[in-house]
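Participant: Dropping in final01.txt, with compact mmCIF, N, CA, C and O atoms.
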# COMPACT_ATOMS: atom_id res chain seq x y z
N MET B 141 2.39 -3.33 2.13
CA MET B 141 1.20 -3.06 2.90
C MET B 141 0.00 -3.53 2.11
O MET B 141 -0.11 -3.29 0.94
N ARG B 142 -0.89 -4.21 2.79
CA ARG B 142 -2.15 -4.61 2.17
C ARG B 142 -3.24 -3.83 2.87
O ARG B 142 -3.29 -3.77 4.08
N VAL B 143 -4.12 -3.23 2.12
CA VAL B 143 -5.22 -2.47 2.69
C VAL B 143 -6.41 -3.40 2.80
O VAL B 143 -6.80 -4.04 1.83
N LYS B 144 -7.00 -3.48 3.99
CA LYS B 144 -8.05 -4.46 4.26
C LYS B 144 -9.32 -4.23 3.45
O LYS B 144 -10.08 -5.15 3.25
N SER B 145 -9.58 -3.02 2.97
CA SER B 145 -10.80 -2.79 2.21
C SER B 145 -10.68 -3.20 0.76
O SER B 145 -11.62 -3.11 0.01
N MET B 146 -9.51 -3.66 0.35
CA MET B 146 -9.28 -4.07 -1.03
C MET B 146 -9.44 -5.58 -1.14
O MET B 146 -9.44 -6.28 -0.14
N PRO B 147 -9.55 -6.10 -2.35
CA PRO B 147 -9.66 -7.55 -2.52
C PRO B 147 -8.45 -8.26 -1.90
O PRO B 147 -7.37 -7.68 -1.82
N PRO B 148 -8.63 -9.50 -1.45
CA PRO B 148 -7.51 -10.25 -0.88
C PRO B 148 -6.33 -10.32 -1.85
O PRO B 148 -6.51 -10.31 -3.06
N ASN B 149 -5.15 -10.36 -1.30
CA ASN B 149 -3.91 -10.48 -2.05
C ASN B 149 -3.61 -9.27 -2.93
O ASN B 149 -2.86 -9.37 -3.89
N THR B 150 -4.23 -8.11 -2.62
CA THR B 150 -3.91 -6.89 -3.33
C THR B 150 -2.85 -6.17 -2.51
O THR B 150 -3.14 -5.68 -1.42
N TYR B 151 -1.65 -6.16 -3.00
CA TYR B 151 -0.55 -5.56 -2.27
C TYR B 151 -0.05 -4.35 -3.02
O TYR B 151 0.00 -4.33 -4.24
N LEU B 152 0.31 -3.35 -2.27
CA LEU B 152 0.83 -2.13 -2.84
C LEU B 152 2.23 -1.91 -2.31
O LEU B 152 2.41 -1.83 -1.10
N ALA B 153 3.18 -1.83 -3.18
CA ALA B 153 4.54 -1.58 -2.74
C ALA B 153 4.67 -0.11 -2.36
O ALA B 153 4.48 0.76 -3.19
N MET B 154 4.92 0.12 -1.10
CA MET B 154 5.10 1.48 -0.61
C MET B 154 6.44 1.53 0.08
O MET B 154 6.62 0.93 1.13
N GLU B 155 7.35 2.23 -0.53
CA GLU B 155 8.71 2.26 -0.02
C GLU B 155 9.06 3.59 0.65
O GLU B 155 10.02 3.66 1.39
N THR B 156 8.29 4.63 0.37
CA THR B 156 8.60 5.94 0.92
C THR B 156 7.34 6.56 1.52
O THR B 156 6.22 6.16 1.20
N LEU B 157 7.54 7.57 2.35
CA LEU B 157 6.41 8.28 2.92
C LEU B 157 5.55 8.94 1.85
O LEU B 157 4.32 8.90 1.95
N PRO B 158 6.13 9.52 0.78
CA PRO B 158 5.28 10.04 -0.29
C PRO B 158 4.39 8.97 -0.93
O PRO B 158 3.26 9.26 -1.32
N ASP B 159 4.88 7.72 -1.02
CA ASP B 159 4.04 6.63 -1.55
C ASP B 159 2.82 6.43 -0.66
O ASP B 159 1.71 6.23 -1.15
N VAL B 160 3.02 6.48 0.65
CA VAL B 160 1.92 6.30 1.59
C VAL B 160 0.95 7.47 1.48
O VAL B 160 -0.26 7.28 1.46
N GLY B 161 1.48 8.68 1.38
CA GLY B 161 0.63 9.86 1.23
C GLY B 161 -0.24 9.77 -0.02
O GLY B 161 -1.43 10.11 0.02
N HIS B 162 0.34 9.32 -1.11
CA HIS B 162 -0.41 9.17 -2.36
C HIS B 162 -1.54 8.15 -2.18
O HIS B 162 -2.67 8.37 -2.63
N ARG B 163 -1.25 7.06 -1.52
CA ARG B 163 -2.26 6.02 -1.30
C ARG B 163 -3.38 6.55 -0.40
O ARG B 163 -4.56 6.26 -0.63
N VAL B 164 -3.03 7.34 0.61
CA VAL B 164 -4.04 7.94 1.48
C VAL B 164 -4.95 8.86 0.67
O VAL B 164 -6.17 8.85 0.85
N ARG B 165 -4.36 9.64 -0.24
CA ARG B 165 -5.18 10.51 -1.09
C ARG B 165 -6.18 9.69 -1.91
O ARG B 165 -7.36 10.02 -2.01
N LEU B 166 -5.71 8.57 -2.49
CA LEU B 166 -6.61 7.72 -3.27
C LEU B 166 -7.73 7.15 -2.41
O LEU B 166 -8.89 7.09 -2.84
N LEU B 167 -7.41 6.74 -1.19
CA LEU B 167 -8.43 6.21 -0.28
C LEU B 167 -9.44 7.29 0.10
O LEU B 167 -10.64 7.04 0.16
N ARG B 168 -8.94 8.50 0.36
CA ARG B 168 -9.83 9.60 0.72
C ARG B 168 -10.77 9.92 -0.44
O ARG B 168 -11.98 10.08 -0.25
N GLU B 169 -10.22 9.99 -1.65
CA GLU B 169 -11.05 10.28 -2.82
C GLU B 169 -12.07 9.18 -3.06
O GLU B 169 -13.22 9.45 -3.41
N LYS B 170 -11.67 7.94 -2.87
CA LYS B 170 -12.59 6.81 -3.03
C LYS B 170 -13.74 6.90 -2.03
O LYS B 170 -14.87 6.55 -2.34
N ALA B 171 -13.44 7.42 -0.83
CA ALA B 171 -14.47 7.58 0.20
C ALA B 171 -15.35 8.80 -0.07
O ALA B 171 -16.35 9.00 0.61
N GLY B 172 -14.97 9.62 -1.06
CA GLY B 172 -15.76 10.80 -1.40
C GLY B 172 -15.66 11.91 -0.36
O GLY B 172 -16.60 12.68 -0.18
N LYS B 173 -14.53 11.98 0.33
CA LYS B 173 -14.32 12.97 1.39
C LYS B 173 -13.32 14.03 0.96
O LYS B 173 -12.41 13.76 0.17
N THR B 174 -13.49 15.22 1.50
CA THR B 174 -12.53 16.30 1.24
C THR B 174 -11.40 16.22 2.26
O THR B 174 -11.53 15.58 3.31
N GLN B 175 -10.32 16.90 1.94
CA GLN B 175 -9.22 16.99 2.90
C GLN B 175 -9.68 17.62 4.20
O GLN B 175 -9.29 17.17 5.28
N SER B 176 -10.52 18.64 4.13
CA SER B 176 -11.01 19.32 5.33
C SER B 176 -11.83 18.37 6.21
O SER B 176 -11.68 18.38 7.43
N GLU B 177 -12.67 17.56 5.58
CA GLU B 177 -13.49 16.61 6.35
C GLU B 177 -12.62 15.59 7.07
O GLU B 177 -12.80 15.33 8.27
N ILE B 178 -11.67 15.02 6.35
CA ILE B 178 -10.81 14.00 6.95
C ILE B 178 -9.90 14.61 8.01
O ILE B 178 -9.74 14.07 9.11
N ALA B 179 -9.30 15.74 7.68
CA ALA B 179 -8.39 16.39 8.64
C ALA B 179 -9.12 16.74 9.92
O ALA B 179 -8.60 16.53 11.03
N GLY B 180 -10.35 17.25 9.81
CA GLY B 180 -11.13 17.58 11.01
C GLY B 180 -11.42 16.35 11.86
O GLY B 180 -11.34 16.40 13.08
N ALA B 181 -11.74 15.25 11.21
CA ALA B 181 -12.04 14.01 11.94
C ALA B 181 -10.80 13.44 12.63
O ALA B 181 -10.89 12.82 13.69
N VAL B 182 -9.64 13.68 12.02
CA VAL B 182 -8.38 13.18 12.59
C VAL B 182 -7.87 14.10 13.70
O VAL B 182 -7.20 13.67 14.61
N GLY B 183 -8.24 15.39 13.59
CA GLY B 183 -7.74 16.36 14.56
C GLY B 183 -6.46 17.02 14.10
O GLY B 183 -5.57 17.29 14.90
N MET B 184 -6.38 17.27 12.81
CA MET B 184 -5.20 17.93 12.25
C MET B 184 -5.66 19.02 11.29
O MET B 184 -6.84 19.12 10.98
N ARG B 185 -4.74 19.81 10.85
CA ARG B 185 -5.08 20.88 9.91
C ARG B 185 -5.13 20.33 8.49
O ARG B 185 -4.40 19.41 8.12
N GLN B 186 -6.00 20.92 7.67
CA GLN B 186 -6.14 20.51 6.27
C GLN B 186 -4.82 20.69 5.54
O GLN B 186 -4.46 19.88 4.70
N GLU B 187 -4.08 21.75 5.85
CA GLU B 187 -2.80 22.01 5.19
C GLU B 187 -1.80 20.89 5.44
O GLU B 187 -1.03 20.52 4.55
N ALA B 188 -1.82 20.34 6.66
CA ALA B 188 -0.90 19.23 6.99
C ALA B 188 -1.26 17.99 6.18
O ALA B 188 -0.38 17.29 5.67
N LEU B 189 -2.55 17.72 6.04
CA LEU B 189 -2.98 16.58 5.24
C LEU B 189 -2.62 16.78 3.77
O LEU B 189 -2.15 15.86 3.10
N SER B 190 -2.79 18.00 3.29
CA SER B 190 -2.43 18.31 1.91
C SER B 190 -0.94 18.07 1.66
O SER B 190 -0.56 17.46 0.65
N ARG B 191 -0.10 18.53 2.58
CA ARG B 191 1.35 18.30 2.44
C ARG B 191 1.66 16.81 2.43
O ARG B 191 2.47 16.34 1.64
N PHE B 192 1.02 16.06 3.33
CA PHE B 192 1.27 14.63 3.40
C PHE B 192 0.86 13.92 2.12
O PHE B 192 1.62 13.12 1.56
N GLU B 193 -0.33 14.22 1.62
CA GLU B 193 -0.82 13.57 0.40
C GLU B 193 0.03 13.90 -0.82
O GLU B 193 0.15 13.10 -1.73
N SER B 194 0.64 15.08 -0.82
CA SER B 194 1.46 15.48 -1.98
C SER B 194 2.93 15.10 -1.81
O SER B 194 3.75 15.44 -2.66
N GLY B 195 3.26 14.38 -0.73
CA GLY B 195 4.63 13.91 -0.56
C GLY B 195 5.56 14.89 0.11
O GLY B 195 6.77 14.69 0.12
N ARG B 196 5.02 15.95 0.69
CA ARG B 196 5.87 16.95 1.34
C ARG B 196 5.75 16.91 2.85
O ARG B 196 6.24 17.79 3.52
N GLY B 197 5.12 15.90 3.41
CA GLY B 197 4.90 15.81 4.85
C GLY B 197 5.91 14.96 5.55
O GLY B 197 5.58 13.92 6.09
N ALA B 198 7.16 15.37 5.55
CA ALA B 198 8.23 14.57 6.13
C ALA B 198 8.10 14.41 7.64
O ALA B 198 8.68 13.50 8.21
N ASP B 199 7.34 15.29 8.29
CA ASP B 199 7.22 15.22 9.75
C ASP B 199 5.94 14.51 10.19
O ASP B 199 5.52 14.64 11.32
N PHE B 200 5.34 13.74 9.32
CA PHE B 200 4.07 13.07 9.61
C PHE B 200 4.33 11.92 10.58
O PHE B 200 5.10 11.01 10.29
N SER B 201 3.67 11.95 11.73
CA SER B 201 3.92 10.94 12.76
C SER B 201 3.12 9.67 12.53
O SER B 201 2.10 9.67 11.83
N LEU B 202 3.58 8.61 13.15
CA LEU B 202 2.87 7.33 13.07
C LEU B 202 1.51 7.45 13.73
O LEU B 202 0.53 6.87 13.23
N THR B 203 1.41 8.21 14.81
CA THR B 203 0.12 8.40 15.49
C THR B 203 -0.88 9.05 14.55
O THR B 203 -2.03 8.60 14.44
N LYS B 204 -0.45 10.08 13.82
CA LYS B 204 -1.34 10.74 12.86
C LYS B 204 -1.75 9.77 11.76
O LYS B 204 -2.91 9.73 11.34
N LEU B 205 -0.79 9.00 11.27
CA LEU B 205 -1.09 8.05 10.20
C LEU B 205 -2.11 7.03 10.65
O LEU B 205 -3.07 6.72 9.93
N LEU B 206 -1.96 6.48 11.84
CA LEU B 206 -2.90 5.48 12.34
C LEU B 206 -4.29 6.07 12.54
O LEU B 206 -5.30 5.43 12.21
N ARG B 207 -4.38 7.30 13.06
CA ARG B 207 -5.68 7.96 13.20
C ARG B 207 -6.30 8.21 11.82
O ARG B 207 -7.51 8.02 11.62
N LEU B 208 -5.48 8.62 10.88
CA LEU B 208 -5.95 8.89 9.53
C LEU B 208 -6.52 7.62 8.89
O LEU B 208 -7.61 7.63 8.31
N LEU B 209 -5.81 6.52 9.01
CA LEU B 209 -6.28 5.25 8.46
C LEU B 209 -7.56 4.79 9.14
O LEU B 209 -8.47 4.26 8.49
N GLN B 210 -7.66 5.02 10.44
CA GLN B 210 -8.88 4.65 11.17
C GLN B 210 -10.08 5.45 10.65
O GLN B 210 -11.14 4.88 10.40
N VAL B 211 -9.90 6.74 10.44
CA VAL B 211 -10.98 7.58 9.91
C VAL B 211 -11.38 7.12 8.51
O VAL B 211 -12.56 7.15 8.16
N LEU B 212 -10.40 6.67 7.73
CA LEU B 212 -10.68 6.20 6.37
C LEU B 212 -11.23 4.77 6.35
O LEU B 212 -11.62 4.26 5.30
N GLY B 213 -11.26 4.11 7.53
CA GLY B 213 -11.82 2.77 7.61
C GLY B 213 -10.92 1.68 7.09
O GLY B 213 -11.40 0.65 6.61
N VAL B 214 -9.61 1.89 7.15
CA VAL B 214 -8.66 0.86 6.71
C VAL B 214 -7.66 0.60 7.83
O VAL B 214 -7.53 1.38 8.78
N GLU B 215 -6.95 -0.50 7.73
CA GLU B 215 -5.91 -0.82 8.70
C GLU B 215 -4.68 -1.35 7.99
O GLU B 215 -4.77 -1.80 6.84
N LEU B 216 -3.57 -1.27 8.66
CA LEU B 216 -2.32 -1.79 8.11
C LEU B 216 -2.24 -3.29 8.33
O LEU B 216 -2.70 -3.79 9.35
N ASP B 217 -1.64 -3.96 7.38
CA ASP B 217 -1.36 -5.38 7.51
C ASP B 217 0.06 -5.57 6.99
O ASP B 217 0.32 -5.29 5.82
N PHE B 218 0.96 -6.00 7.82
CA PHE B 218 2.33 -6.17 7.40
C PHE B 218 2.48 -7.53 6.72
O PHE B 218 2.03 -8.54 7.23
N VAL B 219 3.10 -7.49 5.55
CA VAL B 219 3.33 -8.71 4.79
C VAL B 219 4.81 -8.81 4.45
O VAL B 219 5.52 -7.81 4.38
N SER B 220 5.25 -10.00 4.25
CA SER B 220 6.65 -10.23 3.92
C SER B 220 6.98 -9.64 2.56
O SER B 220 6.20 -9.77 1.61
N ALA B 221 8.11 -8.99 2.47
CA ALA B 221 8.55 -8.43 1.20
C ALA B 221 9.04 -9.54 0.26
O ALA B 221 9.09 -9.36 -0.94
N THR B 222 9.40 -10.68 0.82
CA THR B 222 9.79 -11.83 0.01
C THR B 222 8.64 -12.81 0.01
O THR B 222 8.10 -13.16 1.05
N ARG B 223 8.25 -13.21 -1.15
CA ARG B 223 7.10 -14.11 -1.26
C ARG B 223 7.59 -15.55 -1.45
O ARG B 223 8.52 -15.80 -2.20
N ARG B 224 6.90 -16.46 -0.80
CA ARG B 224 7.20 -17.87 -0.99
C ARG B 224 6.61 -18.28 -2.33
O ARG B 224 5.50 -17.88 -2.69
N PRO B 225 7.32 -19.08 -3.09
CA PRO B 225 6.79 -19.50 -4.39
C PRO B 225 5.60 -20.43 -4.22
O PRO B 225 5.51 -21.17 -3.26
N THR B 226 4.69 -20.34 -5.18
CA THR B 226 3.56 -21.27 -5.20
C THR B 226 3.92 -22.44 -6.10
O THR B 226 4.88 -22.37 -6.89
N LEU B 227 3.17 -23.51 -6.01
CA LEU B 227 3.42 -24.68 -6.85
C LEU B 227 3.31 -24.31 -8.32
O LEU B 227 4.16 -24.71 -9.13
N SER B 228 2.31 -23.52 -8.68
CA SER B 228 2.16 -23.16 -10.09
C SER B 228 3.32 -22.28 -10.57
O SER B 228 3.75 -22.41 -11.71
N SER B 229 3.84 -21.40 -9.70
CA SER B 229 4.97 -20.58 -10.15
C SER B 229 6.23 -21.42 -10.32
O SER B 229 7.03 -21.18 -11.23
N ILE B 230 6.41 -22.42 -9.49
CA ILE B 230 7.56 -23.32 -9.63
C ILE B 230 7.44 -24.14 -10.91
O ILE B 230 8.41 -24.29 -11.66
N LEU B 231 6.24 -24.66 -11.18
CA LEU B 231 6.03 -25.44 -12.41
C LEU B 231 6.23 -24.58 -13.65
O LEU B 231 6.84 -25.02 -14.63
N GLU B 232 5.75 -23.35 -13.61
CA GLU B 232 5.94 -22.45 -14.75
C GLU B 232 7.42 -22.14 -14.97
O GLU B 232 7.91 -22.17 -16.10
N GLU B 233 8.13 -21.88 -13.89
CA GLU B 233 9.57 -21.62 -14.02
C GLU B 233 10.29 -22.85 -14.57
O GLU B 233 11.16 -22.73 -15.43
N ARG B 234 9.90 -24.02 -14.12
CA ARG B 234 10.52 -25.25 -14.61
C ARG B 234 10.24 -25.45 -16.10
O ARG B 234 11.12 -25.82 -16.86
N ARG B 235 8.99 -25.18 -16.53
CA ARG B 235 8.66 -25.30 -17.96
C ARG B 235 9.47 -24.29 -18.79
O ARG B 235 9.95 -24.61 -19.86
N ASN B 236 9.59 -23.07 -18.28
CA ASN B 236 10.33 -22.04 -19.01
C ASN B 236 11.82 -22.37 -19.12
O ASN B 236 12.46 -22.00 -20.10
N ASN B 237 12.34 -23.07 -18.14
CA ASN B 237 13.77 -23.38 -18.13
C ASN B 237 14.07 -24.79 -18.66
O ASN B 237 15.22 -25.21 -18.67
N ALA B 238 13.06 -25.52 -19.12
CA ALA B 238 13.25 -26.90 -19.56
C ALA B 238 14.16 -27.00 -20.78
O ALA B 238 14.88 -27.98 -20.94
N ASN B 239 14.15 -26.02 -21.64
CA ASN B 239 14.96 -26.08 -22.86
C ASN B 239 16.19 -25.20 -22.78
O ASN B 239 16.67 -24.69 -23.78
N VAL B 240 16.69 -25.04 -21.58
CA VAL B 240 17.85 -24.17 -21.37
C VAL B 240 18.92 -24.98 -20.64
O VAL B 240 18.62 -25.78 -19.78
N GLY B 241 20.15 -24.76 -20.97
CA GLY B 241 21.24 -25.42 -20.24
C GLY B 241 21.89 -26.53 -21.04
O GLY B 241 21.45 -26.89 -22.12
N PRO B 242 22.95 -27.11 -20.46
CA PRO B 242 23.73 -28.12 -21.19
C PRO B 242 22.98 -29.43 -21.42
O PRO B 242 23.29 -30.16 -22.37
N ASP B 243 21.98 -29.74 -20.61
CA ASP B 243 21.25 -31.01 -20.76
C ASP B 243 20.01 -30.88 -21.65
O ASP B 243 19.30 -31.86 -21.84
N SER B 244 19.75 -29.71 -22.19
CA SER B 244 18.54 -29.53 -23.01
C SER B 244 18.74 -30.18 -24.38
O SER B 244 19.85 -30.32 -24.86
N ARG B 245 17.66 -30.56 -24.99
CA ARG B 245 17.75 -31.20 -26.30
C ARG B 245 17.16 -30.36 -27.35
O ARG B 245 16.27 -29.71 -27.34
Show this structure as structure tokens.
Facilitator:
Amino acid sequence: MRVKSMPPNTYLAMETLPDVGHRVRLLREKAGKTQSEIAGAVGMRQEALSRFESGRGADFSLTKLLRLLQVLGVELDFVSATRRPTLSSILEERRNNANVGPDSR
């Protein structure tokens, strides 16, 4: 997931719901908002937001998450988990492997 309010190409690996909850907490804190303020704007209880941010909100719906992100002023952007190599990464890998193998001198 890439968060649109961050610099380009800033990707955060989020594999579990607790990872997402942690990231939401960081975004809320960066915005200078309390759990009560954000929860009220989303239309949920502060306790539910607290559980979600601490990784205990297993019943957190996608609808709630999307409303929460909207209130925080961010959006989801789906990116490929596999990255295509860049020319510089290919050249670096080639340089690193130049002295390896049966044909190396």
Participant: Give the helix (DSSP H, G or I) residues of segment 145-219 of chain B, as assigned by DSSP on the backbone, as number ranges by chain.
Facilitator: B: 157-170, 175-182, 186-193, 202-212
Participant: Enter the distance from atom N of Ala188 of chain B to atom O of Lys204 of chain B, in Å, rounded to one decimal.
Facilitator: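 Separation of atom N of Ala188 of chain B and atom O of Lys204 of chain B: 11.6 Å.
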Participant: Name the closest residue to Arg163 of chain B among the candidates B:Thr222, B:Asp199, B:Phe192, B:Ser228; distances are taken between atoms, counting only N, CA, C and O atoms.
Facilitator: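 The shortest atom-to-atom distance to Arg163 of chain B comes from B:Phe192.
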Participant: Kindly extract all protein, DNA and RNA residues lying within 10 Å of the coordinates (-11.7, 7.2, 1.4) given in the file, considering only C-alpha atoms, and supply them as an mmCIF file with N, CA, C and O atoms, keeping the file's coordinate frame.
Facilitator:
data_model
loop_
_atom_site.group_PDB
_atom_site.id
_atom_site.type_symbol
_atom_site.label_atom_id
_atom_site.label_comp_id
_atom_site.auth_asym_id
_atom_site.auth_seq_id
_atom_site.Cartn_x
_atom_site.Cartn_y
_atom_site.Cartn_z
ATOM 1 N N ARG B 163 -1.250 7.060 -1.520
ATOM 2 C CA ARG B 163 -2.260 6.020 -1.300
ATOM 3 C C ARG B 163 -3.380 6.550 -0.400
ATOM 4 O O ARG B 163 -4.560 6.260 -0.630
ATOM 5 N N VAL B 164 -3.030 7.340 0.610
ATOM 6 C CA VAL B 164 -4.040 7.940 1.480
ATOM 7 C C VAL B 164 -4.950 8.860 0.670
ATOM 8 O O VAL B 164 -6.170 8.850 0.850
ATOM 9 N N ARG B 165 -4.360 9.640 -0.240
ATOM 10 C CA ARG B 165 -5.180 10.510 -1.090
ATOM 11 C C ARG B 165 -6.180 9.690 -1.910
ATOM 12 O O ARG B 165 -7.360 10.020 -2.010
ATOM 13 N N LEU B 166 -5.710 8.570 -2.490
ATOM 14 C CA LEU B 166 -6.610 7.720 -3.270
ATOM 15 C C LEU B 166 -7.730 7.150 -2.410
ATOM 16 O O LEU B 166 -8.890 7.090 -2.840
ATOM 17 N N LEU B 167 -7.410 6.740 -1.190
ATOM 18 C CA LEU B 167 -8.430 6.210 -0.280
ATOM 19 C C LEU B 167 -9.440 7.290 0.100
ATOM 20 O O LEU B 167 -10.640 7.040 0.160
ATOM 21 N N ARG B 168 -8.940 8.500 0.360
ATOM 22 C CA ARG B 168 -9.830 9.600 0.720
ATOM 23 C C ARG B 168 -10.770 9.920 -0.440
ATOM 24 O O ARG B 168 -11.980 10.080 -0.250
ATOM 25 N N GLU B 169 -10.220 9.990 -1.650
ATOM 26 C CA GLU B 169 -11.050 10.280 -2.820
ATOM 27 C C GLU B 169 -12.070 9.180 -3.060
ATOM 28 O O GLU B 169 -13.220 9.450 -3.410
ATOM 29 N N LYS B 170 -11.670 7.940 -2.870
ATOM 30 C CA LYS B 170 -12.590 6.810 -3.030
ATOM 31 C C LYS B 170 -13.740 6.900 -2.030
ATOM 32 O O LYS B 170 -14.870 6.550 -2.340
ATOM 33 N N ALA B 171 -13.440 7.420 -0.830
ATOM 34 C CA ALA B 171 -14.470 7.580 0.200
ATOM 35 C C ALA B 171 -15.350 8.800 -0.070
ATOM 36 O O ALA B 171 -16.350 9.000 0.610
ATOM 37 N N GLY B 172 -14.970 9.620 -1.060
ATOM 38 C CA GLY B 172 -15.760 10.800 -1.400
ATOM 39 C C GLY B 172 -15.660 11.910 -0.360
ATOM 40 O O GLY B 172 -16.600 12.680 -0.180
ATOM 41 N N LYS B 173 -14.530 11.980 0.330
ATOM 42 C CA LYS B 173 -14.320 12.970 1.390
ATOM 43 C C LYS B 173 -13.320 14.030 0.960
ATOM 44 O O LYS B 173 -12.410 13.760 0.170
ATOM 45 N N THR B 174 -13.490 15.220 1.500
ATOM 46 C CA THR B 174 -12.530 16.300 1.240
ATOM 47 C C THR B 174 -11.400 16.220 2.260
ATOM 48 O O THR B 174 -11.530 15.580 3.310
ATOM 49 N N ILE B 178 -11.670 15.020 6.350
ATOM 50 C CA ILE B 178 -10.810 14.000 6.950
ATOM 51 C C ILE B 178 -9.900 14.610 8.010
ATOM 52 O O ILE B 178 -9.740 14.070 9.110
ATOM 53 N N LEU B 209 -5.810 6.520 9.010
ATOM 54 C CA LEU B 209 -6.280 5.250 8.460
ATOM 55 C C LEU B 209 -7.560 4.790 9.140
ATOM 56 O O LEU B 209 -8.470 4.260 8.490
ATOM 57 N N VAL B 211 -9.900 6.740 10.440
ATOM 58 C CA VAL B 211 -10.980 7.580 9.910
ATOM 59 C C VAL B 211 -11.380 7.120 8.510
ATOM 60 O O VAL B 211 -12.560 7.150 8.160
ATOM 61 N N LEU B 212 -10.400 6.670 7.730
ATOM 62 C CA LEU B 212 -10.680 6.200 6.370
ATOM 63 C C LEU B 212 -11.230 4.770 6.350
ATOM 64 O O LEU B 212 -11.620 4.260 5.300
ATOM 65 N N GLY B 213 -11.260 4.110 7.530
ATOM 66 C CA GLY B 213 -11.820 2.770 7.610
ATOM 67 C C GLY B 213 -10.920 1.680 7.090
ATOM 68 O O GLY B 213 -11.400 0.650 6.610
ATOM 69 N N VAL B 214 -9.610 1.890 7.150
ATOM 70 C CA VAL B 214 -8.660 0.860 6.710
ATOM 71 C C VAL B 214 -7.660 0.600 7.830
ATOM 72 O O VAL B 214 -7.530 1.380 8.780
#
Participant: Between atom CA of Gly195 of chain B and atom CA of Glu177 of chain B, what distance in Å does the model show, to one decimal?
Facilitator: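 Computing it gives 19.6 Å between the two atoms.
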Participant: Using only C-alpha atoms, pick whichever of B:Ser229, B:Thr203, B:Gln210, B:Ser190 has the shortest atom-to-atom distance to Pro158 of chain B.
Facilitator: B:Ser190
Participant: Kindly indicate which residue among B:Asn237, B:Ser176, B:Leu157, B:Val182 lies nearest to Leu208 of chain B, using all atoms listed in the file for the distances.
Facilitator: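 Among B:Asn237, B:Ser176, B:Leu157, B:Val182, it is B:Val182 that comes nearest to Leu208 of chain B.
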Participant: Name the closest residue to Ser194 of chain B among the candidates B:Gly161, B:Glu233, B:Ala238, B:Ala181; distances are taken between atoms, counting all atoms listed in the file.
Facilitator: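 Ranking B:Gly161, B:Glu233, B:Ala238, B:Ala181 by distance to Ser194 of chain B, first place goes to B:Gly161.
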Participant: Which of these, B:Val160, B:Gln175, B:Glu155, B:Asn236, has the shortest distance to Phe200 of chain B once you count only C-alpha atoms?
Facilitator: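 Of all the options, B:Val160 lies closest to Phe200 of chain B.
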Participant: Please measure the separation of atom CA of Arg185 of chain B and atom CA of Phe218 of chain B, giving the value in Å to one decimal.
Facilitator: 28.2 Å
Participant: So, counting only C-alpha atoms, which residue among B:Leu202, B:Leu231, B:Met184, B:Leu189 is closest to Leu216 of chain B?
Facilitator: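 Smallest separation from Leu216 of chain B among the options: B:Leu202.
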